[in-house]
file entry-v1.cif (mmCIF, C-alpha atoms (C1' of nucleotides))
data_work
loop_
_atom_site.label_atom_id
_atom_site.label_comp_id
_atom_site.auth_asym_id
_atom_site.auth_seq_id
_atom_site.Cartn_x
_atom_site.Cartn_y
_atom_site.Cartn_z
CA MET Q 1 0.00 0.00 0.00
CA PRO Q 2 1.49 3.34 -1.03
CA GLU Q 3 2.54 5.82 1.65
CA TYR Q 4 1.28 8.99 -0.06
CA LYS Q 5 -1.95 9.36 -1.90
CA PRO Q 6 -1.56 12.52 -3.94
CA VAL Q 7 -5.26 13.14 -4.41
CA GLN Q 8 -5.84 15.20 -7.54
CA PRO Q 9 -2.44 16.54 -8.48
CA LEU Q 10 -2.46 20.21 -9.41
CA PHE Q 11 -2.94 21.35 -12.99
CA GLN Q 12 -0.20 23.45 -14.44
CA TRP Q 13 -2.42 26.54 -14.54
CA GLU Q 14 -3.26 25.98 -10.89
CA ARG Q 15 0.39 25.72 -9.92
CA ALA Q 16 1.15 28.90 -11.84
CA THR Q 17 -1.78 30.74 -10.28
CA ILE Q 18 -0.82 29.60 -6.80
CA GLU Q 19 2.69 30.85 -7.49
CA ILE Q 20 1.26 34.30 -8.17
CA PHE Q 21 -0.47 34.28 -4.81
CA VAL Q 22 2.64 33.03 -3.06
CA ARG Q 23 4.55 35.96 -4.51
CA ALA Q 24 1.78 38.37 -3.58
CA ALA Q 25 1.67 37.03 -0.03
CA ASN Q 26 5.40 37.39 0.20
CA MET Q 27 5.18 40.97 -1.02
CA VAL Q 28 2.83 41.93 1.81
CA GLY Q 29 4.80 39.97 4.40
CA LEU Q 30 2.67 36.88 4.71
CA PRO Q 31 4.09 33.34 4.68
CA ARG Q 32 4.16 31.15 1.61
CA SER Q 33 1.57 28.73 3.01
CA ILE Q 34 -1.00 31.54 3.16
CA GLY Q 35 -0.48 32.21 -0.53
CA GLU Q 36 -0.71 28.52 -1.34
CA ILE Q 37 -3.93 27.99 0.55
CA TYR Q 38 -5.69 31.06 -0.76
CA GLY Q 39 -4.34 30.37 -4.23
CA LEU Q 40 -5.74 26.86 -4.39
CA LEU Q 41 -9.10 27.99 -3.06
CA PHE Q 42 -9.07 30.75 -5.67
CA CYS Q 43 -8.49 28.21 -8.42
CA SER Q 44 -11.07 25.76 -7.21
CA GLU Q 45 -14.59 25.79 -8.56
CA LEU Q 46 -16.03 24.34 -5.37
CA PRO Q 47 -15.23 25.00 -1.70
CA LEU Q 48 -12.47 22.71 -0.43
CA THR Q 49 -12.05 20.85 2.82
CA PHE Q 50 -9.13 20.92 5.20
CA ASP Q 51 -7.94 17.52 3.94
CA GLU Q 52 -8.12 18.50 0.32
CA LEU Q 53 -5.86 21.44 1.04
CA VAL Q 54 -3.39 19.22 2.89
CA ASP Q 55 -3.42 16.57 0.18
CA ARG Q 56 -3.32 18.72 -2.90
CA LEU Q 57 -0.78 21.25 -1.62
CA GLN Q 58 1.28 18.59 0.14
CA ILE Q 59 1.77 20.72 3.23
CA SER Q 60 1.28 19.81 6.87
CA LYS Q 61 -1.98 19.91 8.78
CA GLY Q 62 -0.42 22.43 11.12
CA SER Q 63 0.27 24.84 8.28
CA VAL Q 64 -3.21 24.49 6.88
CA SER Q 65 -4.80 24.96 10.28
CA GLN Q 66 -2.83 28.10 11.07
CA GLY Q 67 -3.11 29.39 7.55
CA LEU Q 68 -6.87 29.07 7.45
CA LYS Q 69 -7.10 30.70 10.85
CA LEU Q 70 -5.26 33.79 9.65
CA LEU Q 71 -7.07 33.87 6.32
CA ARG Q 72 -10.42 33.80 8.09
CA GLN Q 73 -9.26 36.53 10.44
CA LEU Q 74 -8.35 38.64 7.41
CA GLY Q 75 -11.72 37.91 5.84
CA ALA Q 76 -9.98 36.32 2.87
CA VAL Q 77 -11.58 32.92 3.39
CA ARG Q 78 -15.05 32.02 4.58
CA LEU Q 79 -16.57 28.87 5.92
CA HIS Q 80 -19.07 27.39 3.53
CA TYR Q 81 -21.63 25.10 5.09
CA VAL Q 82 -22.23 21.84 3.27
CA PRO Q 83 -25.26 19.90 4.52
CA GLY Q 84 -24.55 16.32 5.39
CA SER Q 85 -20.80 16.73 5.77
CA ARG Q 86 -18.91 16.78 9.03
CA LYS Q 87 -16.00 18.55 7.43
CA ASP Q 88 -15.61 22.29 7.16
CA HIS Q 89 -15.56 23.61 3.63
CA PHE Q 90 -13.71 26.79 2.75
CA GLU Q 91 -14.26 29.30 -0.01
CA PRO Q 92 -12.24 32.37 -0.98
CA GLU Q 93 -13.34 35.97 -0.77
CA LEU Q 94 -13.27 37.19 -4.35
CA SER Q 95 -13.90 40.88 -3.85
CA MET Q 96 -10.62 42.74 -4.11
CA LYS Q 97 -12.02 45.54 -2.06
CA ARG Q 98 -12.96 43.29 0.82
CA LEU Q 99 -9.61 41.51 0.65
CA VAL Q 100 -7.71 44.76 0.91
CA LYS Q 101 -10.02 46.09 3.59
CA GLY Q 102 -9.51 43.01 5.73
CA PHE Q 103 -5.78 43.18 5.33
CA VAL Q 104 -5.59 46.87 6.15
CA LYS Q 105 -7.84 46.57 9.16
CA ASP Q 106 -5.89 43.65 10.60
CA GLN Q 107 -2.30 44.35 9.64
CA PHE Q 108 -2.04 48.06 9.00
CA SER Q 109 -4.45 50.21 10.97
CA PRO Q 110 -3.32 48.94 14.39
CA HIS Q 111 0.20 50.17 13.69
CA LEU Q 112 -1.12 53.49 12.50
CA GLU Q 113 -3.09 53.91 15.69
CA SER Q 114 -0.27 52.97 18.04
CA GLY Q 115 1.89 55.38 16.06
CA GLU Q 116 -0.34 58.20 17.18
CA GLN Q 117 0.52 57.36 20.78
CA SER Q 118 4.21 57.27 20.07
CA LEU Q 119 4.15 60.72 18.52
CA GLN Q 120 2.47 62.11 21.61
CA GLN Q 121 5.23 60.64 23.76
CA ILE Q 122 7.94 62.01 21.51
CA GLU Q 123 6.49 65.46 21.93
CA THR Q 124 6.97 65.17 25.69
CA MET Q 125 10.49 63.87 25.32
CA ILE Q 126 11.46 66.83 23.16
CA GLU Q 127 10.07 69.27 25.68
CA ASN Q 128 11.97 67.60 28.49
CA GLU Q 129 15.35 67.01 27.03
CA ALA Q 130 16.27 69.27 24.17
CA ASP Q 131 17.90 72.60 24.80
CA SER Q 132 16.15 75.49 23.16
CA SER Q 133 18.36 75.33 20.08
CA GLY Q 134 17.79 71.66 19.38
CA ARG Q 135 14.16 71.92 20.34
CA ASP Q 136 13.09 73.89 17.29
CA HIS Q 137 14.57 71.38 14.92
CA ALA Q 138 13.20 68.40 16.79
CA GLN Q 139 9.74 69.91 16.82
CA ALA Q 140 9.93 70.57 13.10
CA ARG Q 141 10.69 66.91 12.50
CA LEU Q 142 7.87 65.86 14.77
CA SER Q 143 5.52 68.04 12.72
CA LYS Q 144 6.68 66.31 9.61
CA LEU Q 145 6.00 62.92 11.12
CA ARG Q 146 2.54 64.09 12.09
CA SER Q 147 1.82 65.33 8.59
CA TRP Q 148 2.95 62.00 7.16
CA GLN Q 149 0.68 60.18 9.52
CA LYS Q 150 -2.31 62.32 8.61
CA ARG Q 151 -1.74 61.81 4.93
CA THR Q 152 -1.42 58.07 5.38
CA GLN Q 153 -4.69 58.03 7.28
CA LYS Q 154 -6.39 59.96 4.50
CA LEU Q 155 -5.03 57.56 1.94
CA VAL Q 156 -6.74 54.47 3.32
CA PRO Q 157 -10.33 55.52 2.57
CA ILE Q 158 -9.32 56.83 -0.82
CA ILE Q 159 -7.82 53.47 -1.75
CA MET Q 160 -10.98 51.77 -0.59
CA ALA Q 161 -13.04 54.18 -2.62
CA VAL Q 162 -11.07 53.48 -5.78
CA LEU Q 163 -11.41 49.76 -5.13
CA GLY Q 164 -15.18 49.75 -4.98
CA GLY Q 165 -17.96 51.06 -2.87
CA ALA Q 166 -16.63 54.57 -2.27
CA GLN Q 167 -18.48 54.97 1.03
CA PHE Q 168 -15.86 57.32 2.37
CA LEU Q 169 -15.67 59.80 -0.47
CA GLU Q 170 -19.06 59.95 -1.99
CA SER Q 171 -22.22 61.55 -0.74
CA PRO Q 172 -25.22 59.21 -0.54
CA GLU Q 173 -26.92 60.41 -3.72
CA MET Q 174 -23.81 59.61 -5.77
CA THR Q 175 -24.20 55.92 -5.09
CA LYS Q 176 -27.95 55.83 -5.69
CA GLY Q 177 -28.97 52.74 -7.54
CA ARG Q 178 -25.42 51.61 -8.22
CA ARG Q 179 -24.45 48.00 -8.01
CA GLU Q 180 -21.29 47.25 -6.05
CA VAL Q 181 -18.26 46.36 -8.13
CA VAL Q 182 -16.40 43.38 -6.72
CA MET F 1 42.40 53.88 26.32
CA PRO F 2 38.76 52.79 26.10
CA GLU F 3 37.75 50.28 23.45
CA TYR F 4 34.50 51.98 22.46
CA LYS F 5 33.96 55.65 22.00
CA PRO F 6 30.20 56.07 22.04
CA VAL F 7 30.23 59.36 20.18
CA GLN F 8 27.11 61.35 21.00
CA PRO F 9 24.72 58.88 22.56
CA LEU F 10 21.17 59.16 21.23
CA PHE F 11 18.62 61.42 22.87
CA GLN F 12 15.48 59.77 24.08
CA TRP F 13 13.39 61.48 21.40
CA GLU F 14 15.82 60.25 18.78
CA ARG F 15 15.61 56.70 20.03
CA ALA F 16 11.83 56.88 20.02
CA THR F 17 11.75 58.37 16.53
CA ILE F 18 14.15 55.77 15.20
CA GLU F 19 11.91 53.12 16.71
CA ILE F 20 9.03 54.45 14.64
CA PHE F 21 11.07 54.10 11.49
CA VAL F 22 12.22 50.63 12.46
CA ARG F 23 8.59 49.61 12.80
CA ALA F 24 7.68 51.29 9.53
CA ALA F 25 10.54 49.56 7.75
CA ASN F 26 9.44 46.28 9.19
CA MET F 27 5.90 46.88 8.00
CA VAL F 28 7.02 47.28 4.40
CA GLY F 29 9.44 44.35 4.62
CA LEU F 30 12.72 46.18 5.04
CA PRO F 31 15.33 45.23 7.65
CA ARG F 32 15.68 46.98 10.97
CA SER F 33 19.01 48.54 10.04
CA ILE F 34 17.35 50.43 7.19
CA GLY F 35 14.88 51.93 9.62
CA GLU F 36 17.64 52.82 12.05
CA ILE F 37 19.79 54.54 9.47
CA TYR F 38 17.00 56.50 7.87
CA GLY F 39 15.58 57.28 11.30
CA LEU F 40 18.80 58.79 12.61
CA LEU F 41 19.31 60.82 9.45
CA PHE F 42 15.73 62.03 9.79
CA CYS F 43 16.40 63.19 13.34
CA SER F 44 19.67 64.85 12.56
CA GLU F 45 19.85 68.54 11.76
CA LEU F 46 22.96 68.11 9.64
CA PRO F 47 23.98 65.42 7.14
CA LEU F 48 25.84 62.58 8.82
CA THR F 49 28.88 60.58 7.78
CA PHE F 50 29.24 56.85 7.52
CA ASP F 51 31.22 56.76 10.79
CA GLU F 52 28.70 58.80 12.68
CA LEU F 53 26.02 56.32 11.70
CA VAL F 54 28.18 53.39 12.79
CA ASP F 55 29.12 55.04 16.08
CA ARG F 56 25.78 56.48 17.12
CA LEU F 57 23.66 53.48 16.10
CA GLN F 58 26.24 50.98 17.31
CA ILE F 59 25.81 48.76 14.28
CA SER F 60 28.45 47.28 12.00
CA LYS F 61 30.08 48.98 9.05
CA GLY F 62 28.70 46.26 6.84
CA SER F 63 25.15 47.05 7.84
CA VAL F 64 25.62 50.75 7.30
CA SER F 65 27.23 50.22 3.93
CA GLN F 66 24.49 47.94 2.67
CA GLY F 67 21.77 49.99 4.28
CA LEU F 68 22.92 53.22 2.69
CA LYS F 69 23.24 51.47 -0.65
CA LEU F 70 19.61 50.37 -0.58
CA LEU F 71 18.37 53.69 0.80
CA ARG F 72 20.11 55.53 -2.01
CA GLN F 73 18.68 53.12 -4.53
CA LEU F 74 15.21 53.85 -3.12
CA GLY F 75 15.90 57.57 -3.29
CA ALA F 76 15.36 57.82 0.46
CA VAL F 77 18.86 59.09 1.15
CA ARG F 78 21.04 61.43 -0.87
CA LEU F 79 24.72 62.19 -0.85
CA HIS F 80 25.40 65.68 0.39
CA TYR F 81 28.71 67.13 -0.72
CA VAL F 82 30.74 68.81 2.01
CA PRO F 83 33.71 70.82 0.71
CA GLY F 84 36.98 69.94 2.33
CA SER F 85 35.91 66.56 3.67
CA ARG F 86 36.92 63.21 2.27
CA LYS F 87 33.97 61.53 3.88
CA ASP F 88 30.60 61.12 2.28
CA HIS F 89 27.79 62.92 4.05
CA PHE F 90 24.24 61.65 3.85
CA GLU F 91 20.93 63.42 4.14
CA PRO F 92 17.41 62.04 4.14
CA GLU F 93 14.74 62.62 1.54
CA LEU F 94 11.96 64.39 3.39
CA SER F 95 9.26 64.42 0.75
CA MET F 96 6.77 61.68 1.52
CA LYS F 97 5.74 61.56 -2.09
CA ARG F 98 9.26 60.95 -3.31
CA LEU F 99 9.86 58.35 -0.61
CA VAL F 100 6.78 56.41 -1.63
CA LYS F 101 7.51 56.81 -5.30
CA GLY F 102 11.02 55.45 -4.88
CA PHE F 103 9.78 52.52 -2.88
CA VAL F 104 7.03 51.68 -5.33
CA LYS F 105 9.29 51.96 -8.34
CA ASP F 106 11.96 49.76 -6.83
CA GLN F 107 10.05 47.19 -4.79
CA PHE F 108 6.57 47.08 -6.21
CA SER F 109 6.29 47.89 -9.89
CA PRO F 110 8.75 45.19 -11.02
CA HIS F 111 6.52 42.53 -9.49
CA LEU F 112 3.48 44.06 -11.09
CA GLU F 113 5.15 43.95 -14.48
CA SER F 114 6.40 40.40 -14.22
CA GLY F 115 2.91 39.48 -13.11
CA GLU F 116 1.61 40.56 -16.49
CA GLN F 117 3.88 37.96 -18.10
CA SER F 118 2.70 35.24 -15.77
CA LEU F 119 -0.94 35.90 -16.59
CA GLN F 120 -0.18 35.57 -20.28
CA GLN F 121 1.42 32.19 -19.63
CA ILE F 122 -1.48 31.02 -17.53
CA GLU F 123 -3.83 31.78 -20.38
CA THR F 124 -1.87 29.39 -22.58
CA MET F 125 -1.82 26.70 -19.92
CA ILE F 126 -5.57 26.85 -19.57
CA GLU F 127 -6.07 26.50 -23.29
CA ASN F 128 -3.75 23.51 -23.42
CA GLU F 129 -4.77 21.49 -20.46
CA ALA F 130 -8.29 22.09 -19.25
CA ASP F 131 -11.18 20.15 -20.66
CA SER F 132 -13.99 22.29 -21.95
CA SER F 133 -15.89 22.10 -18.66
CA GLY F 134 -13.00 23.24 -16.48
CA ARG F 135 -11.89 25.77 -19.05
CA ASP F 136 -14.75 28.15 -18.52
CA HIS F 137 -14.16 28.36 -14.82
CA ALA F 138 -10.41 28.71 -15.16
CA GLN F 139 -10.83 31.50 -17.67
CA ALA F 140 -13.24 33.29 -15.36
CA ARG F 141 -10.63 33.21 -12.61
CA LEU F 142 -7.96 34.44 -14.97
CA SER F 143 -10.23 37.36 -15.88
CA LYS F 144 -10.57 38.19 -12.23
CA LEU F 145 -6.82 38.17 -11.77
CA ARG F 146 -6.50 40.48 -14.75
CA SER F 147 -9.06 42.88 -13.35
CA TRP F 148 -7.22 42.91 -10.02
CA GLN F 149 -4.00 43.69 -11.78
CA LYS F 150 -5.52 46.54 -13.74
CA ARG F 151 -7.01 48.06 -10.65
CA THR F 152 -3.73 47.80 -8.80
CA GLN F 153 -1.99 49.54 -11.66
CA LYS F 154 -4.56 52.32 -11.61
CA LEU F 155 -4.11 52.72 -7.88
CA VAL F 156 -0.44 53.62 -8.00
CA PRO F 157 -0.81 56.96 -9.80
CA ILE F 158 -3.81 57.84 -7.67
CA ILE F 159 -1.80 57.32 -4.51
CA MET F 160 0.96 59.47 -5.93
CA ALA F 161 -1.56 62.12 -6.81
CA VAL F 162 -2.98 62.20 -3.30
CA LEU F 163 0.55 62.41 -1.93
CA GLY F 164 1.49 65.49 -3.86
CA GLY F 165 2.09 66.51 -7.42
CA ALA F 166 -0.87 64.81 -9.06
CA GLN F 167 0.88 64.58 -12.45
CA PHE F 168 -1.00 61.46 -13.38
CA LEU F 169 -4.53 62.61 -12.73
CA GLU F 170 -4.59 66.27 -13.48
CA SER F 171 -4.53 68.05 -16.76
CA PRO F 172 -1.74 70.63 -17.13
CA GLU F 173 -3.91 73.69 -16.47
CA MET F 174 -4.98 72.31 -13.10
CA THR F 175 -1.44 72.58 -11.75
CA LYS F 176 -0.75 76.03 -13.19
CA GLY F 177 1.19 78.13 -10.78
CA ARG F 178 0.96 75.64 -7.93
CA ARG F 179 3.86 74.97 -5.63
CA GLU F 180 4.64 71.32 -5.00
CA VAL F 181 3.61 70.00 -1.61
CA VAL F 182 6.32 67.91 -0.03
"C1'" DC R 1 54.00 55.85 -5.22
"C1'" DA R 2 53.74 54.44 -0.53
"C1'" DT R 3 50.68 55.27 3.07
"C1'" DT R 4 46.54 56.25 5.20
"C1'" DA R 5 41.62 56.74 5.12
"C1'" DA R 6 36.95 55.51 3.47
"C1'" DT R 7 34.03 52.33 1.97
"C1'" DT R 8 32.58 47.80 0.06
"C1'" DT R 9 32.31 42.89 -0.12
"C1'" DC R 10 31.02 38.48 1.34
"C1'" DA R 11 31.35 34.15 4.06
"C1'" DA R 12 30.14 32.81 8.47
"C1'" DA R 13 27.38 33.60 12.61
"C1'" DA R 14 23.33 35.10 14.76
"C1'" DC R 15 18.82 35.71 14.57
"C1'" DT R 16 13.89 35.30 13.01
"C1'" DA R 17 10.10 33.18 10.91
"C1'" DT R 18 7.83 29.24 9.16
"C1'" DT R 19 6.76 24.54 8.88
"C1'" DT R 20 6.29 20.12 10.65
"C1'" DG R 21 4.16 16.36 13.07
"C1'" DA R 22 3.03 14.03 17.22
"C1'" DA R 23 0.08 14.64 20.98
"C1'" DC R 24 -4.11 16.52 22.22
"C1'" DT R 25 -9.04 18.31 22.33
"C1'" DA R 26 -13.62 18.35 20.70
"C1'" DA R 27 -17.32 16.69 18.51
"C1'" DA R 28 -20.05 13.24 15.95
"C1'" DT R 29 -21.30 8.46 15.23
"C1'" DG R 30 -22.97 3.96 16.09
"C1'" DC X 1 -19.96 5.64 26.10
"C1'" DA X 2 -16.26 3.76 23.35
"C1'" DT X 3 -14.57 4.78 18.94
"C1'" DT X 4 -13.67 7.27 15.02
"C1'" DT X 5 -13.09 11.57 12.71
"C1'" DA X 6 -11.95 16.60 12.36
"C1'" DG X 7 -9.21 20.00 13.59
"C1'" DT X 8 -5.89 22.51 16.87
"C1'" DT X 9 -1.77 23.25 19.48
"C1'" DC X 10 2.90 23.86 20.27
"C1'" DA X 11 7.75 22.41 20.84
"C1'" DA X 12 11.32 21.20 17.91
"C1'" DA X 13 13.34 21.23 13.28
"C1'" DT X 14 14.04 23.69 9.17
"C1'" DA X 15 14.42 27.42 6.21
"C1'" DG X 16 15.26 32.06 5.36
"C1'" DT X 17 17.03 36.63 6.48
"C1'" DT X 18 19.98 40.00 8.51
"C1'" DT X 19 24.10 41.27 10.73
"C1'" DT X 20 28.80 41.04 11.61
"C1'" DG X 21 33.65 41.80 10.87
"C1'" DA X 22 37.84 40.73 8.67
"C1'" DA X 23 39.82 41.13 4.26
"C1'" DA X 24 39.70 43.44 -0.09
"C1'" DT X 25 39.09 47.49 -2.81
"C1'" DT X 26 39.12 52.20 -3.99
"C1'" DA X 27 40.41 56.82 -3.53
"C1'" DA X 28 42.92 60.65 -1.44
"C1'" DT X 29 47.12 62.58 0.57
"C1'" DG X 30 51.78 63.80 1.32
#

call {"tool": "encode", "arguments": {"input": "entry-v1.cif", "output": "structure tokens"}}
result
Amino acid sequence: MPEYKPVQPLFQWERATIEIFVRAANMVGLPRSIGEIYGLLFCSELPLTFDELVDRLQISKGSVSQGLKLLRQLGAVRLHYVPGSRKDHFEPELSMKRLVKGFVKDQFSPHLESGEQSLQQIETMIENEADSSGRDHAQARLSKLRSWQKRTQKLVPIIMAVLGGAQFLESPEMTKGRREVV
Amino acid sequence: MPEYKPVQPLFQWERATIEIFVRAANMVGLPRSIGEIYGLLFCSELPLTFDELVDRLQISKGSVSQGLKLLRQLGAVRLHYVPGSRKDHFEPELSMKRLVKGFVKDQFSPHLESGEQSLQQIETMIENEADSSGRDHAQARLSKLRSWQKRTQKLVPIIMAVLGGAQFLESPEMTKGRREVV
DNA sequence: CATTAATTTCAAAACTATTTGAACTAAATG
DNA sequence: CATTTAGTTCAAATAGTTTTGAAATTAATG
């Protein structure tokens, strides 16, 4: 009896597509396995189970478990209920806007918020320790940091707007009767 | 004679500011040393030399050399000529727009372009290997990838526009007589 | 042109992040 | 309620990245 049962080996186009997601994951600082899991779900016509991911990607259960956990947290993967099956089935989020939103909310915004705290503290430090000559320069740099932070904060809703629903930029009547682009 | 000469230890506000840049670097996938070097230059009123970076940050010459190399490549640090000194002096780029532009051009756009190639190849793979049933679905997913790519490409100039000069979005008369925001 | 100074290079070391898989928990089945 | 199945956890192994520092290179000085 054979040791491995490579259930449904990947098609070439699937491997190539998964590779794109692995690179994309890498670019935004997420591990390879995340790209592999999302990539295979993206390729698949039907929701896949835990086992199918393990078997077809040939990665460990641990990786799949942790990977799915993070992907669900990011809103990039949803549970799809299949009547009459004990197993969980997973399907990918296919709206670019929602994917980006989930990523930003989870991995980006928290840093931005804690940054606001840090800037406040730096202000105090400058007041306490710089002599009057150095203080002007230090305060100028702090202002610059603050302006960068503000502009970054403004950018987020604009990106979201360009990617779809435009809730942040548009007044209600602008979206009247418009279908969401996903 | 002491082994180390900790020339000009860092002020608390400098350490805290550098920490912000270390975190920012980390967030965009750049090593800590990059954040430290840029951070100290950002804090400093005057351009700093190689040695000053080594001494004040207490990191190796190798790190500073490689770090400055990448930062110059990104356009985040410039050489500042000081008459009568053999040493190179470095100063930070302080325009957020130029910083982002340099980063995008160097670390982001290349991936986006090579991605275009990959999609072309995937199209061929689908034509060759999928049976007519699977082909429809695969082609639908390829279309989605293409639409994501297009939207990402559109996003870059919009971000640049929001960050400053707006060369990509605006017609020439819109910028008439306007000073660049940095 | 020999000497000193400034910077770069790169192999090895240190460090960090990811993956694995065996042990475990939880939940369904008969 | 014992057994099987599904999925999670986490410590150890592996893989990947960054830093170090000694040697090499390049450029300036006397």

call {"tool": "closest_atom_pairs", "arguments": {"input": "entry-v1.cif", "of": "chain R", "to": "chain F", "cutoff": "10 Å", "atoms": "all atoms listed in the file", "output": "JSON lines"}}
result
{"residue": "R:DA5", "atom": "C1'", "partner": "F:Arg86", "partner_atom": "CA", "distance": 8.5}
{"residue": "R:DA6", "atom": "C1'", "partner": "F:Lys87", "partner_atom": "CA", "distance": 6.7}
{"residue": "R:DT7", "atom": "C1'", "partner": "F:Ser65", "partner_atom": "CA", "distance": 7.4}
{"residue": "R:DT8", "atom": "C1'", "partner": "F:Ser65", "partner_atom": "CA", "distance": 7.0}
{"residue": "R:DT9", "atom": "C1'", "partner": "F:Gly62", "partner_atom": "CA", "distance": 8.5}
{"residue": "R:DC10", "atom": "C1'", "partner": "F:Gly62", "partner_atom": "CA", "distance": 9.8}

call {"tool": "write_last_selection", "arguments": {"input": "entry-v1.cif", "atoms": "C-alpha atoms (C1' of nucleotides)", "output": "tab-separated table (two decimals), in the coordinates of the input"}}
result
chain	number	residue	atom	x	y	z
R	5	DA	C1'	41.62	56.74	5.12
R	6	DA	C1'	36.95	55.51	3.47
R	7	DT	C1'	34.03	52.33	1.97
R	8	DT	C1'	32.58	47.80	0.06
R	9	DT	C1'	32.31	42.89	-0.12
R	10	DC	C1'	31.02	38.48	1.34

call {"tool": "resolve_selection", "arguments": {"input": "entry-v1.cif", "expression": "the PyMOL selection byres ((chain F) within 12 of (chain X))", "output": "list in words"}}
result
Gly29, Leu30, Pro31, Arg32, Ser33, Ile34, Gln58, Ile59, Ser60, Lys61, Gly62, Ser63, Val64, Ser65, Gln66, Gly67, Gly84, Ser85, Arg86 and Lys87 of chain F

call {"tool": "atom_distance", "arguments": {"input": "entry-v1.cif", "atom1": "atom CA of Val77 of chain Q", "atom2": "atom CA of Glu91 of chain Q"}}
result
5.6 Å

call {"tool": "atom_distance", "arguments": {"input": "entry-v1.cif", "atom1": "atom CA of Thr49 of chain Q", "atom2": "atom CA of Leu71 of chain Q"}}
result
14.4 Å

call {"tool": "residues_near_point", "arguments": {"input": "entry-v1.cif", "point": "(-7.8, 38.2, 1.7)", "cutoff": "12 Å", "atoms": "all atoms listed in the file", "output": "JSON, numbers by chain"}}
result
{"Q": [21, 24, 25, 28, 30, 34, 35, 37, 38, 39, 41, 42, 67, 68, 69, 70, 71, 72, 73, 74, 75, 76, 77, 78, 91, 92, 93, 94, 95, 96, 97, 98, 99, 100, 101, 102, 103, 104, 105, 106, 107]}
